[in-house]
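A.B. asks: Can you keep this structure in mind? I'll have questions shortly.
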Amino acid sequence: MLVFDKTELNLISYFAAYPRGGEKPSSSCLEAHPFDRPQRPFPFHEAILSSAPLEGVVRARTFLRQDGLCRAILLEYSNGARRAIGDCRVGIDPVEIWNMPKHVCIFKTTTIDDLVHRGAILQVAKVRFSEREHQHTESGWTCHAMGGTFEFWFSHNQSCITILS
Ligand SMILES: [Zn+2]
């Protein structure tokens, strides 16, 4: 059964599909397949894992928190694909755009939670991209060539980044 509402005055229409009764699914595509659970320990409570390949990236957009730390990244690839990692708040957070990156630079640090769990130490990071060899004036940055997999663990106020080769 297919249910569809197309009332012009409604701001949001609804759409639903419902299997006919009495029929048993014959295809294994209807079976539930949960996502693989990461075998590594979660870096912090309520961490959500997102990941994306770094090879073939032609543009990166970093979404920044008010304190300049990285909230999310939108990666665009040479084949036109896009992959969002982290909590991308398009149109809300300020964005830095990096074209034709050859390196991704990560600065892992901590901050103190002064809102929810006062005094708790939170994991956070700054992320930049670069199109050429470079040096950082500030110590603590690690530079990676654009290859491997970018893993971005995140919650509403924390992030933990790992590059898997
Ligand atoms: Zn760097």
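For the structure tokens, the naming scheme is as follows: chains receive sequential letters (A, B, ...) according to their order of presentation, residues are indexed from 1 within each chain, and ligands are indexed from 1 in presentation order.
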Could you please extract the residues within 8 Å of ligand 1, counting only C-alpha atoms and all ligand atoms, and hand them back as number ranges by chain?
C.D. replies: A: 103-106, 128-130, 133-136, 141-144
A.B. asks: Would you mind exporting the chosen residues as a PDB file, in the first residue's frame, restricted to C-alpha atoms?
C.D. replies:
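Output below, filename result.pdb:
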ATOM      1  CA  HIS A 103      47.255  18.121   3.299  1.00  0.00           C
ATOM      2  CA  VAL A 104      44.891  18.096   6.240  1.00  0.00           C
ATOM      3  CA  CYS A 105      46.175  19.559   9.501  1.00  0.00           C
ATOM      4  CA  ILE A 106      44.769  18.645  12.881  1.00  0.00           C
ATOM      5  CA  ARG A 128      42.726  23.129   8.400  1.00  0.00           C
ATOM      6  CA  PHE A 129      43.607  22.061   4.898  1.00  0.00           C
ATOM      7  CA  SER A 130      46.550  23.178   2.771  1.00  0.00           C
ATOM      8  CA  GLU A 133      53.966  21.980   1.910  1.00  0.00           C
ATOM      9  CA  HIS A 134      54.015  24.215   4.955  1.00  0.00           C
ATOM     10  CA  GLN A 135      55.149  24.704   8.520  1.00  0.00           C
ATOM     11  CA  HIS A 136      52.976  25.662  11.484  1.00  0.00           C
ATOM     12  CA  TRP A 141      49.622  20.555  14.687  1.00  0.00           C
ATOM     13  CA  THR A 142      49.967  17.264  12.814  1.00  0.00           C
ATOM     14  CA  CYS A 143      49.898  17.299   8.996  1.00  0.00           C
ATOM     15  CA  HIS A 144      48.642  14.384   6.903  1.00  0.00           C
TER      16      HIS A 144
END
A.B. asks: Tell me, as a PyMOL selection string, which residues lie within 7 Å of Ser155 in chain A, counting only C-alpha atoms; anything in the same chain fewer than 4 positions away does not count.
C.D. replies: chain A and resi 46-48+159
A.B. asks: Excluding Arg61 in chain A and its own-chain neighbours fewer than 3 positions away, which residues fall within 9 Å of it when counting only C-alpha atoms? Please give them as JSON, numbers by chain.
C.D. replies: {"A": [72, 73, 74, 75, 76, 95, 96, 97, 98, 99]}
A.B. asks: Work out how far CA of Ser139 in chain A is from CA of His156 in chain A, in Å to one decimal.
C.D. replies: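 We find that CA of His156 in chain A and CA of Ser139 in chain A lie 26.8 Å from each other.
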A.B. asks: From the list A:Ile92, A:Leu115, A:Glu131, A:Phe44, which residue is nearest Ala60 in chain A when using only C-alpha atoms?
C.D. replies: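 Smallest distance to Ala60 in chain A is found for A:Glu131.
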